[in-house]
file final-v1.tsv (TSV, C-alpha atoms and all ligand atoms)
chain	number	residue	atom	x	y	z
A	1	MET	CA	0.00	0.00	0.00
A	2	SER	CA	1.38	3.40	-0.85
A	3	HIS	CA	1.18	6.01	1.89
A	4	THR	CA	1.25	9.50	0.51
A	5	ASP	CA	1.11	11.97	3.35
A	6	ASN	CA	-1.63	14.57	3.39
A	7	GLN	CA	-3.18	13.27	0.20
A	8	LEU	CA	-6.44	15.16	-0.28
A	9	ILE	CA	-9.15	12.56	-0.83
A	10	LEU	CA	-12.31	14.62	-0.64
A	11	LYS	CA	-12.76	18.35	-0.99
A	12	ALA	CA	-16.15	19.98	-0.47
A	13	GLU	CA	-16.72	23.63	-1.28
A	14	ASN	CA	-19.84	25.49	-0.30
A	15	LEU	CA	-22.07	22.44	-0.67
A	16	LYS	CA	-25.79	23.14	-0.52
A	17	GLN	CA	-28.93	21.07	-0.59
A	18	HIS	CA	-32.11	23.12	-0.73
A	19	TYR	CA	-35.32	21.10	-0.91
A	20	HIS	CA	-38.50	22.53	-2.34
A	21	VAL	CA	-41.44	21.42	-0.26
A	22	LYS	CA	-45.06	21.64	-1.42
A	23	GLN	CA	-47.25	23.58	0.99
A	24	GLY	CA	-50.61	22.96	-0.67
A	25	PHE	CA	-52.32	24.04	-3.87
A	26	PHE	CA	-52.40	27.76	-3.41
A	27	LYS	CA	-49.23	28.34	-1.48
A	28	PRO	CA	-45.80	28.75	-3.00
A	29	ASP	CA	-43.27	25.99	-2.33
A	30	ALA	CA	-41.26	26.40	0.84
A	31	VAL	CA	-37.53	25.87	0.75
A	32	VAL	CA	-35.75	23.77	3.35
A	33	LYS	CA	-32.08	24.63	3.44
A	34	ALA	CA	-31.06	21.20	4.72
A	35	VAL	CA	-27.40	21.89	4.00
A	36	ASP	CA	-26.46	25.49	3.42
A	37	GLY	CA	-22.85	26.01	2.39
A	38	ILE	CA	-20.45	23.46	3.82
A	39	SER	CA	-16.74	23.22	3.01
A	40	PHE	CA	-14.05	20.85	4.22
A	41	ASN	CA	-10.94	18.93	3.22
A	42	LEU	CA	-10.59	15.25	4.05
A	43	GLU	CA	-7.14	13.70	3.80
A	44	LYS	CA	-6.17	10.09	3.34
A	45	GLY	CA	-6.47	8.05	6.52
A	46	LYS	CA	-8.26	10.83	8.43
A	47	THR	CA	-11.67	11.11	10.03
A	48	LEU	CA	-13.97	14.09	9.79
A	49	ALA	CA	-16.75	13.95	12.38
A	50	VAL	CA	-20.02	15.71	11.61
A	51	VAL	CA	-22.04	16.42	14.73
A	52	GLY	CA	-25.35	18.11	15.52
A	53	GLU	CA	-28.90	17.53	16.66
A	54	SER	CA	-31.56	15.71	14.69
A	55	GLY	CA	-32.52	17.52	11.49
A	56	CYS	CA	-29.39	19.68	11.20
A	57	GLY	CA	-28.55	18.14	7.81
A	58	LYS	CA	-26.01	15.43	8.62
A	59	SER	CA	-27.58	12.67	6.55
A	60	THR	CA	-28.30	15.05	3.70
A	61	LEU	CA	-24.59	15.90	3.64
A	62	GLY	CA	-23.81	12.16	3.66
A	63	ARG	CA	-26.09	11.57	0.68
A	64	MET	CA	-24.37	14.31	-1.30
A	65	LEU	CA	-20.89	13.02	-0.48
A	66	THR	CA	-21.84	9.55	-1.69
A	67	MET	CA	-23.58	10.95	-4.76
A	68	ILE	CA	-26.94	9.53	-3.79
A	69	GLU	CA	-28.14	13.12	-4.18
A	70	THR	CA	-26.81	15.91	-6.34
A	71	PRO	CA	-26.14	19.16	-4.45
A	72	THR	CA	-28.17	22.17	-5.51
A	73	GLU	CA	-24.95	24.18	-5.34
A	74	GLY	CA	-21.27	23.82	-4.59
A	75	ARG	CA	-18.35	21.66	-5.60
A	76	LEU	CA	-17.18	18.24	-4.59
A	77	ALA	CA	-13.87	16.74	-5.67
A	78	HIS	CA	-12.51	13.25	-5.13
A	79	LEU	CA	-8.72	13.07	-5.57
A	80	GLY	CA	-8.88	16.37	-7.40
A	81	GLU	CA	-11.55	15.20	-9.81
A	82	ASP	CA	-14.78	17.19	-9.83
A	83	LEU	CA	-17.51	14.67	-9.06
A	84	LEU	CA	-20.44	16.76	-10.13
A	85	THR	CA	-19.39	17.41	-13.71
A	86	LEU	CA	-18.33	13.84	-14.51
A	87	SER	CA	-20.17	11.68	-17.01
A	88	LYS	CA	-22.67	9.18	-15.57
A	89	ASP	CA	-20.27	6.32	-16.29
A	90	ALA	CA	-17.37	7.97	-14.56
A	91	GLN	CA	-19.63	8.87	-11.62
A	92	ALA	CA	-20.74	5.27	-11.27
A	93	LYS	CA	-17.12	4.13	-11.16
A	94	LEU	CA	-16.19	6.72	-8.57
A	95	ARG	CA	-19.20	5.90	-6.47
A	96	GLN	CA	-17.55	2.57	-5.69
A	97	LYS	CA	-14.75	4.47	-3.97
A	98	ILE	CA	-17.10	6.29	-1.60
A	99	GLN	CA	-19.25	3.91	0.40
A	100	ILE	CA	-21.95	4.60	2.99
A	101	ILE	CA	-22.87	2.73	6.16
A	102	PHE	CA	-26.15	3.42	7.96
A	103	GLN	CA	-27.32	3.43	11.55
A	104	ASN	CA	-29.61	0.47	11.15
A	105	PRO	CA	-27.82	-2.18	9.14
A	106	TYR	CA	-30.78	-4.53	9.44
A	107	GLY	CA	-32.82	-2.25	7.21
A	108	SER	CA	-30.16	-2.40	4.53
A	109	LEU	CA	-29.31	-6.11	4.71
A	110	ASN	CA	-31.62	-8.28	2.62
A	111	PRO	CA	-33.16	-10.74	5.13
A	112	ARG	CA	-33.56	-13.44	2.47
A	113	LYS	CA	-29.91	-13.50	1.50
A	114	LYS	CA	-27.03	-15.20	3.24
A	115	ILE	CA	-24.10	-13.09	4.38
A	116	GLY	CA	-21.89	-14.48	1.63
A	117	ALA	CA	-24.33	-13.41	-1.08
A	118	ILE	CA	-24.82	-9.99	0.54
A	119	LEU	CA	-21.09	-9.35	0.56
A	120	GLU	CA	-20.53	-10.64	-2.94
A	121	GLU	CA	-23.35	-8.67	-4.53
A	122	PRO	CA	-21.23	-5.51	-5.11
A	123	LEU	CA	-18.61	-7.71	-6.77
A	124	VAL	CA	-21.18	-9.34	-9.03
A	125	ILE	CA	-22.43	-5.94	-10.13
A	126	ASN	CA	-19.14	-4.08	-10.43
A	127	THR	CA	-16.36	-6.56	-11.15
A	128	LYS	CA	-15.51	-9.47	-13.41
A	129	LEU	CA	-14.30	-11.67	-10.56
A	130	SER	CA	-15.19	-15.36	-10.78
A	131	LYS	CA	-17.45	-17.04	-8.24
A	132	ALA	CA	-14.46	-18.54	-6.46
A	133	GLU	CA	-12.63	-15.21	-6.39
A	134	ARG	CA	-15.69	-13.48	-5.00
A	135	LYS	CA	-15.99	-16.01	-2.21
A	136	GLU	CA	-12.32	-15.70	-1.39
A	137	LYS	CA	-12.62	-11.93	-1.15
A	138	ALA	CA	-15.79	-12.13	0.99
A	139	LEU	CA	-14.14	-14.53	3.43
A	140	ALA	CA	-11.03	-12.38	3.63
A	141	ILE	CA	-13.03	-9.25	4.44
A	142	MET	CA	-15.19	-11.17	6.91
A	143	ALA	CA	-12.05	-12.14	8.79
A	144	LYS	CA	-10.92	-8.50	8.83
A	145	VAL	CA	-14.13	-7.38	10.53
A	146	GLY	CA	-14.12	-10.22	13.05
A	147	LEU	CA	-16.68	-12.54	11.46
A	148	LYS	CA	-16.08	-16.28	11.20
A	149	THR	CA	-16.00	-18.50	8.12
A	150	GLU	CA	-19.17	-20.30	9.21
A	151	HIS	CA	-21.06	-16.98	9.18
A	152	TYR	CA	-20.83	-17.02	5.39
A	153	GLU	CA	-23.86	-19.32	5.17
A	154	ARG	CA	-25.99	-17.51	7.74
A	155	TYR	CA	-28.83	-15.02	7.40
A	156	PRO	CA	-28.84	-11.47	8.87
A	157	HIS	CA	-31.47	-12.25	11.52
A	158	MET	CA	-29.09	-14.77	13.11
A	159	PHE	CA	-26.71	-12.00	14.19
A	160	SER	CA	-26.62	-9.47	17.02
A	161	GLY	CA	-26.80	-5.73	16.33
A	162	GLY	CA	-23.05	-5.33	16.64
A	163	GLN	CA	-22.36	-8.24	14.30
A	164	ARG	CA	-24.82	-6.86	11.76
A	165	GLN	CA	-22.95	-3.59	11.82
A	166	ARG	CA	-19.76	-5.58	11.16
A	167	ILE	CA	-21.50	-7.16	8.15
A	168	ALA	CA	-22.50	-3.72	6.87
A	169	ILE	CA	-18.92	-2.51	7.30
A	170	ALA	CA	-17.64	-5.59	5.47
A	171	ARG	CA	-20.01	-4.91	2.60
A	172	GLY	CA	-18.77	-1.33	2.47
A	173	LEU	CA	-15.22	-2.61	2.11
A	174	MET	CA	-15.83	-5.09	-0.71
A	175	LEU	CA	-14.97	-2.64	-3.49
A	176	ASP	CA	-11.81	-1.25	-1.85
A	177	PRO	CA	-13.16	2.24	-1.15
A	178	ASN	CA	-11.12	5.32	-0.23
A	179	VAL	CA	-13.87	6.93	1.78
A	180	ILE	CA	-16.54	5.57	4.08
A	181	VAL	CA	-19.39	7.83	5.11
A	182	ALA	CA	-20.70	6.32	8.33
A	183	ASP	CA	-24.10	7.75	9.23
A	184	GLU	CA	-24.61	7.17	12.98
A	185	PRO	CA	-22.96	3.73	12.69
A	186	VAL	CA	-23.06	2.99	16.42
A	187	SER	CA	-26.08	4.97	17.61
A	188	ALA	CA	-28.36	1.94	17.72
A	189	LEU	CA	-25.88	-0.20	19.66
A	190	ASP	CA	-25.30	-0.73	23.40
A	191	VAL	CA	-22.47	1.36	24.79
A	192	SER	CA	-20.15	-1.63	25.26
A	193	VAL	CA	-20.74	-2.76	21.68
A	194	GLN	CA	-20.29	0.82	20.44
A	195	ALA	CA	-16.71	0.81	21.66
A	196	GLN	CA	-15.99	-2.49	19.89
A	197	VAL	CA	-17.33	-1.24	16.58
A	198	LEU	CA	-15.47	2.08	16.92
A	199	ASN	CA	-12.23	0.21	17.64
A	200	LEU	CA	-12.81	-2.02	14.65
A	201	MET	CA	-13.37	1.02	12.45
A	202	MET	CA	-10.13	2.59	13.67
A	203	ASP	CA	-8.21	-0.66	13.02
A	204	LEU	CA	-9.64	-0.90	9.50
A	205	GLN	CA	-8.77	2.73	8.88
A	206	GLN	CA	-5.14	2.03	9.77
A	207	GLU	CA	-4.93	-1.12	7.74
A	208	PHE	CA	-6.59	0.18	4.56
A	209	GLY	CA	-5.73	3.89	4.78
A	210	LEU	CA	-9.44	4.73	4.77
A	211	SER	CA	-10.84	8.22	5.17
A	212	TYR	CA	-14.02	8.51	7.21
A	213	VAL	CA	-16.84	10.99	7.38
A	214	PHE	CA	-18.30	9.98	10.70
A	215	ILE	CA	-21.79	11.30	11.41
A	216	SER	CA	-23.11	11.39	14.96
A	217	HIS	CA	-25.57	13.39	17.07
A	218	ASP	CA	-23.31	12.70	20.06
A	219	LEU	CA	-20.02	14.58	20.45
A	220	SER	CA	-18.68	12.10	23.02
A	221	VAL	CA	-18.85	9.26	20.48
A	222	VAL	CA	-16.46	11.03	18.12
A	223	GLU	CA	-13.92	12.20	20.72
A	224	HIS	CA	-11.58	9.28	20.05
A	225	ILE	CA	-12.15	8.61	16.39
A	226	ALA	CA	-12.15	12.16	14.94
A	227	ASP	CA	-9.20	14.08	13.54
A	228	ASP	CA	-11.40	17.02	12.65
A	229	VAL	CA	-14.85	17.94	13.84
A	230	MET	CA	-17.61	19.96	12.22
A	231	VAL	CA	-20.53	21.04	14.42
A	232	MET	CA	-23.72	21.75	12.47
A	233	TYR	CA	-26.84	23.68	13.37
A	234	LEU	CA	-29.79	23.98	10.97
A	235	GLY	CA	-27.80	23.24	7.84
A	236	LYS	CA	-24.81	25.43	8.67
A	237	VAL	CA	-21.47	24.79	10.30
A	238	VAL	CA	-21.16	26.75	13.54
A	239	GLU	CA	-17.72	25.49	14.57
A	240	GLN	CA	-15.06	23.52	12.73
A	241	GLY	CA	-11.55	22.52	13.73
A	242	SER	CA	-9.24	19.79	14.92
A	243	ARG	CA	-10.35	17.39	17.62
A	244	GLU	CA	-8.05	19.15	20.10
A	245	GLN	CA	-9.53	22.54	19.26
A	246	LEU	CA	-13.11	21.31	19.58
A	247	PHE	CA	-12.68	19.35	22.78
A	248	ASN	CA	-10.00	21.37	24.60
A	249	ASN	CA	-10.87	24.86	23.44
A	250	PRO	CA	-14.51	24.85	22.30
A	251	GLN	CA	-15.83	28.32	21.49
A	252	HIS	CA	-19.30	28.37	20.02
A	253	PRO	CA	-22.17	28.49	22.55
A	254	TYR	CA	-23.85	25.58	20.76
A	255	THR	CA	-20.71	23.43	20.94
A	256	LEU	CA	-20.41	24.33	24.63
A	257	ALA	CA	-23.99	23.25	25.20
A	258	LEU	CA	-23.49	19.97	23.35
A	259	LEU	CA	-20.33	19.27	25.33
A	260	SER	CA	-21.86	20.10	28.67
A	261	SER	CA	-24.73	17.71	28.00
A	262	THR	CA	-22.35	14.75	27.66
A	263	PRO	CA	-21.08	13.24	30.90
A	264	GLN	CA	-17.39	13.86	31.64
A	265	LEU	CA	-15.62	11.51	33.96
A	266	SER	CA	-12.36	13.38	34.45
A	267	PRO	CA	-12.82	16.44	36.70
A	268	GLU	CA	-10.33	18.60	34.79
A	269	LYS	CA	-12.52	18.21	31.73
A	270	ARG	CA	-15.78	19.07	33.45
A	271	ARG	CA	-17.29	22.21	32.13
A	272	VAL	CA	-19.85	24.77	33.05
A	273	ARG	CA	-23.24	23.15	32.67
A	274	ILE	CA	-25.14	24.88	29.94
A	275	LYS	CA	-28.63	23.64	29.37
A	276	LEU	CA	-29.84	23.59	25.82
A	277	GLU	CA	-33.19	25.27	26.21
A	278	GLY	CA	-36.01	25.64	23.77
A	279	GLU	CA	-36.90	23.60	20.77
A	280	LEU	CA	-34.86	23.25	17.65
A	281	PRO	CA	-36.49	25.79	15.29
A	282	SER	CA	-38.29	24.63	12.16
A	283	PRO	CA	-36.02	24.50	9.13
A	284	LEU	CA	-39.05	25.63	7.11
A	285	ASN	CA	-39.02	28.88	8.98
A	286	PRO	CA	-35.53	29.42	10.39
A	287	PRO	CA	-34.87	32.31	12.79
A	288	SER	CA	-33.39	35.54	11.46
A	289	GLY	CA	-29.75	36.37	12.11
A	290	CYS	CA	-28.00	33.58	13.99
A	291	ALA	CA	-30.26	30.52	13.83
A	292	PHE	CA	-29.24	29.65	17.39
A	293	HIS	CA	-30.31	32.97	18.94
A	294	GLY	CA	-33.53	31.68	20.51
A	295	ARG	CA	-31.58	29.18	22.59
A	296	CYS	CA	-28.42	31.16	23.26
A	297	ARG	CA	-27.67	32.88	26.57
A	298	TYR	CA	-25.33	35.30	24.79
A	299	ALA	CA	-27.80	36.44	22.15
A	300	ASN	CA	-28.21	40.18	21.61
A	301	ASP	CA	-29.81	42.40	18.99
A	302	ARG	CA	-26.99	41.89	16.53
A	303	CYS	CA	-27.47	38.12	16.82
A	304	ARG	CA	-31.16	38.46	16.02
A	305	SER	CA	-30.57	40.40	12.82
A	306	GLU	CA	-27.12	39.60	11.42
A	307	THR	CA	-26.09	36.07	10.44
A	308	PRO	CA	-22.60	35.34	11.80
A	309	VAL	CA	-19.99	34.20	9.29
A	310	LEU	CA	-17.82	31.14	9.87
A	311	ARG	CA	-14.33	32.52	10.41
A	312	LEU	CA	-11.11	32.34	12.38
A	313	ASN	CA	-11.13	33.67	15.90
A	314	HIS	CA	-8.79	36.62	15.60
A	315	ALA	CA	-8.44	37.00	19.34
A	316	ASN	CA	-6.46	33.80	19.29
A	317	GLU	CA	-3.91	33.76	16.52
A	318	GLN	CA	-2.23	30.46	17.29
A	319	GLU	CA	-5.59	28.80	16.69
A	320	LYS	CA	-5.01	28.05	13.04
A	321	ASP	CA	-7.89	26.54	11.10
A	322	HIS	CA	-10.31	26.81	14.02
A	323	LEU	CA	-13.46	28.33	12.54
A	324	ILE	CA	-16.37	29.73	14.54
A	325	ALA	CA	-19.59	31.45	13.48
A	326	CYS	CA	-20.56	33.60	16.45
A	327	HIS	CA	-20.77	37.32	17.17
A	328	ALA	CA	-20.15	36.86	20.89
A	329	VAL	CA	-16.91	34.96	20.24
A	330	GLU	CA	-15.81	37.70	17.90
A	331	GLU	CA	-16.76	40.36	20.47
A	332	ASN	CA	-15.05	38.39	23.24
A	333	ARG	CA	-18.25	38.19	25.29
A	334	ILE	CA	-18.08	34.48	26.19
A	335	GLU	CA	-17.32	33.67	29.82
A	336	PRO	CA	-14.39	31.47	30.80
A	337	LEU	CA	-15.30	27.94	29.85
A	338	LYS	CA	-14.12	25.69	32.59
A	339	GLU	CA	-15.40	25.69	36.10
A	340	GLN	CA	-13.56	24.44	39.14
A	341	VAL	CA	-15.35	21.37	40.32
A	342	ALA	CA	-15.30	20.83	44.06
B	401	LIG	N1	-36.08	14.80	0.60
B	401	LIG	C1	-36.34	15.81	1.45
B	401	LIG	N2	-37.28	16.73	1.18
B	401	LIG	C2	-37.53	17.75	2.03
B	401	LIG	N3	-36.91	17.94	3.19
B	401	LIG	C3	-35.96	17.05	3.53
B	401	LIG	C4	-35.62	15.94	2.70
B	401	LIG	N4	-34.64	15.23	3.30
B	401	LIG	C5	-34.37	15.87	4.46
B	401	LIG	N5	-35.16	16.96	4.60
B	401	LIG	C6	-35.13	17.93	5.71
B	401	LIG	O1	-33.80	18.42	5.77
B	401	LIG	C7	-33.41	18.63	7.12
B	401	LIG	C8	-32.14	17.85	7.39
B	401	LIG	O2	-32.45	16.46	7.43
B	401	LIG	P1	-31.35	15.34	7.69
B	401	LIG	O3	-32.04	14.03	7.61
B	401	LIG	O4	-30.20	15.58	6.79
B	401	LIG	O5	-30.91	15.64	9.19
B	401	LIG	P2	-30.03	14.76	10.18
B	401	LIG	O6	-29.07	15.71	10.80
B	401	LIG	O7	-29.49	13.58	9.49
B	401	LIG	O8	-31.09	14.31	11.29
B	401	LIG	P3	-31.14	12.95	12.16
B	401	LIG	O9	-30.16	13.14	13.29
B	401	LIG	O10	-32.55	12.93	12.67
B	401	LIG	O11	-30.80	11.80	11.28
B	401	LIG	C9	-34.59	18.22	7.96
B	401	LIG	O12	-35.33	19.35	8.28
B	401	LIG	C10	-35.38	17.31	7.06
B	401	LIG	O13	-36.73	17.31	7.38
B	402	LIG	S1	-24.12	34.68	17.19
B	402	LIG	FE1	-25.21	35.34	19.01
B	402	LIG	S2	-26.96	33.96	19.16
B	402	LIG	FE2	-25.52	33.04	17.75
B	402	LIG	S3	-24.33	31.68	18.99
B	402	LIG	FE3	-23.22	33.59	18.93
B	402	LIG	S4	-23.93	34.76	20.69
B	402	LIG	FE4	-25.36	33.09	20.41
B	403	MG	MG	-29.63	11.51	9.82

call {"tool": "encode", "arguments": {"input": "final-v1.tsv", "output": "structure tokens"}}
result
Amino acid sequence: MSHTDNQLILKAENLKQHYHVKQGFFKPDAVVKAVDGISFNLEKGKTLAVVGESGCGKSTLGRMLTMIETPTEGRLAHLGEDLLTLSKDAQAKLRQKIQIIFQNPYGSLNPRKKIGAILEEPLVINTKLSKAERKEKALAIMAKVGLKTEHYERYPHMFSGGQRQRIAIARGLMLDPNVIVADEPVSALDVSVQAQVLNLMMDLQQEFGLSYVFISHDLSVVEHIADDVMVMYLGKVVEQGSREQLFNNPQHPYTLALLSSTPQLSPEKRRVRIKLEGELPSPLNPPSGCAFHGRCRYANDRCRSETPVLRLNHANEQEKDHLIACHAVEENRIEPLKEQVA
């Protein structure tokens, strides 16, 4: 395997997905800005975590990255090649290199097919491998994800949730992808099983040089697996940076609230408790200015009228590449973050 350092695998620029939603016969269509201008770079062997509450646009982003949906705007490049202007044939080929794994693998595993057939299906469709070669490959990948040879002849219902997620991961690996978009891959699993699947994913990443886009509503789940983190709120990124920046020096009030809602065992990491109050606003009718203003303890008039731009925090110049969209951060109005815990 060749290891080229810092090889840019996926580059997204200002990606948007705006859905037109019918409101009835006599009303004009409403527009849901499910994803509203997202940019990132994903390097070989790295993990970008995408975090935010339900409805913030995580899965929509995942569908665009895997070309299940075409963005309404923006650019997406895989290894420098613009995905959105490629011919259908070339797109289909590239799609093999960017695989997706879902939260509920049971829904995506055909209950009438044995594991062997499920794993070999992508090979039947996309390769010229013989039956024997397909079986060899399936068994090899099964071993990599911790499944046994005898599982080849079994049906999905005979497996536990964690094992089914291993099957889904194995299927995602059958075509030697560069990127795996994992949409809440462990959210349906018990905590103890979550750790096993996360460890497996990290091992596979090492072995195959995979890049991950790891989607989760839970920041604590991504603390160990992420290299970079993107926090989303109503279709927009509110904070983006390295794992260290996000977990050791979080800035945006929404990130602070998400972090304070996850239990912290080590006292030095405990933070001021900030309760996330109020409902998530409707994406059909998003608030003016900063979309978070109705739930933010730092909101002022400027927040209610002017949308903050995602930018570097100039007060802190050594914080390279740490982007925040918040007026209060820019105005230095946020209180010290950590609280002494008795
Ligand atoms: N095909 C569609 N047509 C119209 N609106 C859509 C469509 N798909 C998603 N949406 C809306 O876009 C927004 C983002 O949805 P999305 O499923 O991407 O969020 P999510 O962050 O994955 O949420 P969850 O954590 O619940 O999975 C939501 O308001 C959703 O209702
Ligand atoms: S811009 Fe204003 S409302 Fe939005 S997060 Fe910052 S302080 Fe809160
Ligand atoms: Mg989702």

call {"tool": "closest_residue", "arguments": {"input": "final-v1.tsv", "among": "A:Gly55, A:Gly289, A:Gly146, A:Pro185", "to": "ligand LIG 401 (chain B)", "atoms": "only C-alpha atoms and all ligand atoms"}}
result
A:Gly55

call {"tool": "atom_distance", "arguments": {"input": "final-v1.tsv", "atom1": "CA of Gly62 in chain A", "atom2": "CA of Leu246 in chain A"}}
result
21.3 Å

call {"tool": "residues_around", "arguments": {"input": "final-v1.tsv", "residues": "range 302-313 of chain A", "least_positions_apart": "3", "cutoff": "9 Å", "atoms": "only C-alpha atoms", "output": "compact mmCIF listing (two decimals) with C-alpha atoms, in the coordinates of the input"}}
result
# COMPACT_ATOMS: atom_id res chain seq x y z
CA VAL A 237 -21.47 24.79 10.30
CA VAL A 238 -21.16 26.75 13.54
CA GLU A 239 -17.72 25.49 14.57
CA GLN A 240 -15.06 23.52 12.73
CA PRO A 287 -34.87 32.31 12.79
CA SER A 288 -33.39 35.54 11.46
CA GLY A 289 -29.75 36.37 12.11
CA CYS A 290 -28.00 33.58 13.99
CA ALA A 291 -30.26 30.52 13.83
CA PHE A 292 -29.24 29.65 17.39
CA HIS A 293 -30.31 32.97 18.94
CA GLY A 294 -33.53 31.68 20.51
CA TYR A 298 -25.33 35.30 24.79
CA ALA A 299 -27.80 36.44 22.15
CA ASN A 316 -6.46 33.80 19.29
CA GLU A 317 -3.91 33.76 16.52
CA GLU A 319 -5.59 28.80 16.69
CA LYS A 320 -5.01 28.05 13.04
CA ASP A 321 -7.89 26.54 11.10
CA HIS A 322 -10.31 26.81 14.02
CA LEU A 323 -13.46 28.33 12.54
CA ILE A 324 -16.37 29.73 14.54
CA ALA A 325 -19.59 31.45 13.48
CA CYS A 326 -20.56 33.60 16.45
CA HIS A 327 -20.77 37.32 17.17
CA ALA A 328 -20.15 36.86 20.89
CA VAL A 329 -16.91 34.96 20.24
CA GLU A 330 -15.81 37.70 17.90

call {"tool": "closest_atom_pairs", "arguments": {"input": "final-v1.tsv", "of": "chain A", "to": "ligand LIG 401 (chain B)", "cutoff": "10 Å", "atoms": "all atoms listed in the file", "output": "Markdown table"}}
result
| residue | atom | partner | partner_atom | distance |
| --- | --- | --- | --- | --- |
| A:Gln17 | CA | B:LIG401 | O1 | 8.4 |
| A:His18 | CA | B:LIG401 | N3 | 8.1 |
| A:Tyr19 | CA | B:LIG401 | C2 | 5.0 |
| A:His20 | CA | B:LIG401 | C2 | 6.5 |
| A:Val21 | CA | B:LIG401 | C2 | 5.8 |
| A:Lys22 | CA | B:LIG401 | C2 | 9.2 |
| A:Ala30 | CA | B:LIG401 | C2 | 9.5 |
| A:Val31 | CA | B:LIG401 | C2 | 8.2 |
| A:Val32 | CA | B:LIG401 | N3 | 5.9 |
| A:Lys33 | CA | B:LIG401 | O1 | 6.9 |
| A:Ala34 | CA | B:LIG401 | O1 | 4.0 |
| A:Val35 | CA | B:LIG401 | C8 | 7.1 |
| A:Val50 | CA | B:LIG401 | O6 | 9.1 |
| A:Val51 | CA | B:LIG401 | O6 | 8.1 |
| A:Gly52 | CA | B:LIG401 | O6 | 6.5 |
| A:Glu53 | CA | B:LIG401 | O9 | 5.7 |
| A:Ser54 | CA | B:LIG401 | O9 | 3.2 |
| A:Gly55 | CA | B:LIG401 | O5 | 3.4 |
| A:Cys56 | CA | B:LIG401 | O6 | 4.0 |
| A:Gly57 | CA | B:LIG401 | O4 | 3.2 |
| A:Lys58 | CA | B:LIG401 | O6 | 3.8 |
| A:Ser59 | CA | B:LIG401 | O7 | 3.6 |
| A:Thr60 | CA | B:LIG401 | O4 | 3.7 |
| A:Leu61 | CA | B:LIG401 | O4 | 6.4 |
| A:Gly62 | CA | B:LIG401 | O4 | 7.9 |
| A:Arg63 | CA | B:LIG401 | O4 | 8.4 |
| A:Glu69 | CA | B:LIG401 | N1 | 9.4 |
| A:Gln103 | CA | B:LIG401 | O11 | 9.1 |
| A:Asp183 | CA | B:LIG401 | O7 | 7.9 |
| A:Glu184 | CA | B:LIG401 | O11 | 7.9 |
| A:Ile215 | CA | B:LIG401 | O7 | 8.3 |
| A:Ser216 | CA | B:LIG401 | O9 | 7.5 |
| A:His217 | CA | B:LIG401 | O9 | 6.0 |
| A:Asp218 | CA | B:LIG401 | O9 | 9.6 |
| A:Met232 | CA | B:LIG401 | O6 | 8.2 |
| A:Tyr233 | CA | B:LIG401 | O6 | 8.7 |
| A:Leu234 | CA | B:LIG401 | C8 | 7.5 |
| A:Gly235 | CA | B:LIG401 | C8 | 6.9 |
| A:Pro281 | CA | B:LIG401 | O12 | 9.6 |
| A:Ser282 | CA | B:LIG401 | O12 | 7.2 |
| A:Pro283 | CA | B:LIG401 | O12 | 5.3 |
| A:Leu284 | CA | B:LIG401 | O12 | 7.4 |

call {"tool": "atom_distance", "arguments": {"input": "final-v1.tsv", "atom1": "CA of Glu136 in chain A", "atom2": "CA of Val181 in chain A"}}
result
25.4 Å

call {"tool": "residues_around", "arguments": {"input": "final-v1.tsv", "residues": "Asn104 in chain A", "least_positions_apart": "4", "cutoff": "9 Å", "atoms": "all atoms listed in the file", "output": "list in words"}}
result
Ser108, Gly161, Arg164, Gln165, Glu184, Pro185, Val186, Ser187 and Ala188 of chain A

call {"tool": "atom_distance", "arguments": {"input": "final-v1.tsv", "atom1": "CA of Gly37 in chain A", "atom2": "CA of Ala12 in chain A"}}
result
9.5 Å

call {"tool": "residues_around", "arguments": {"input": "final-v1.tsv", "residues": "Glu43 in chain A", "least_positions_apart": "2", "cutoff": "8 Å", "atoms": "only C-alpha atoms", "output": "ChimeraX atom specification"}}
result
/A:6-10,41,45-46,211

call {"tool": "closest_residue", "arguments": {"input": "final-v1.tsv", "among": "A:Leu259, A:Ala182, A:Leu276, A:Val193", "to": "ligand MG 403 (chain B)", "atoms": "only C-alpha atoms and all ligand atoms"}}
result
A:Ala182

call {"tool": "closest_residue", "arguments": {"input": "final-v1.tsv", "among": "A:Lys27, A:Lys11, A:Lys131, A:Lys113", "to": "Glu81 in chain A", "atoms": "only C-alpha atoms"}}
result
A:Lys11
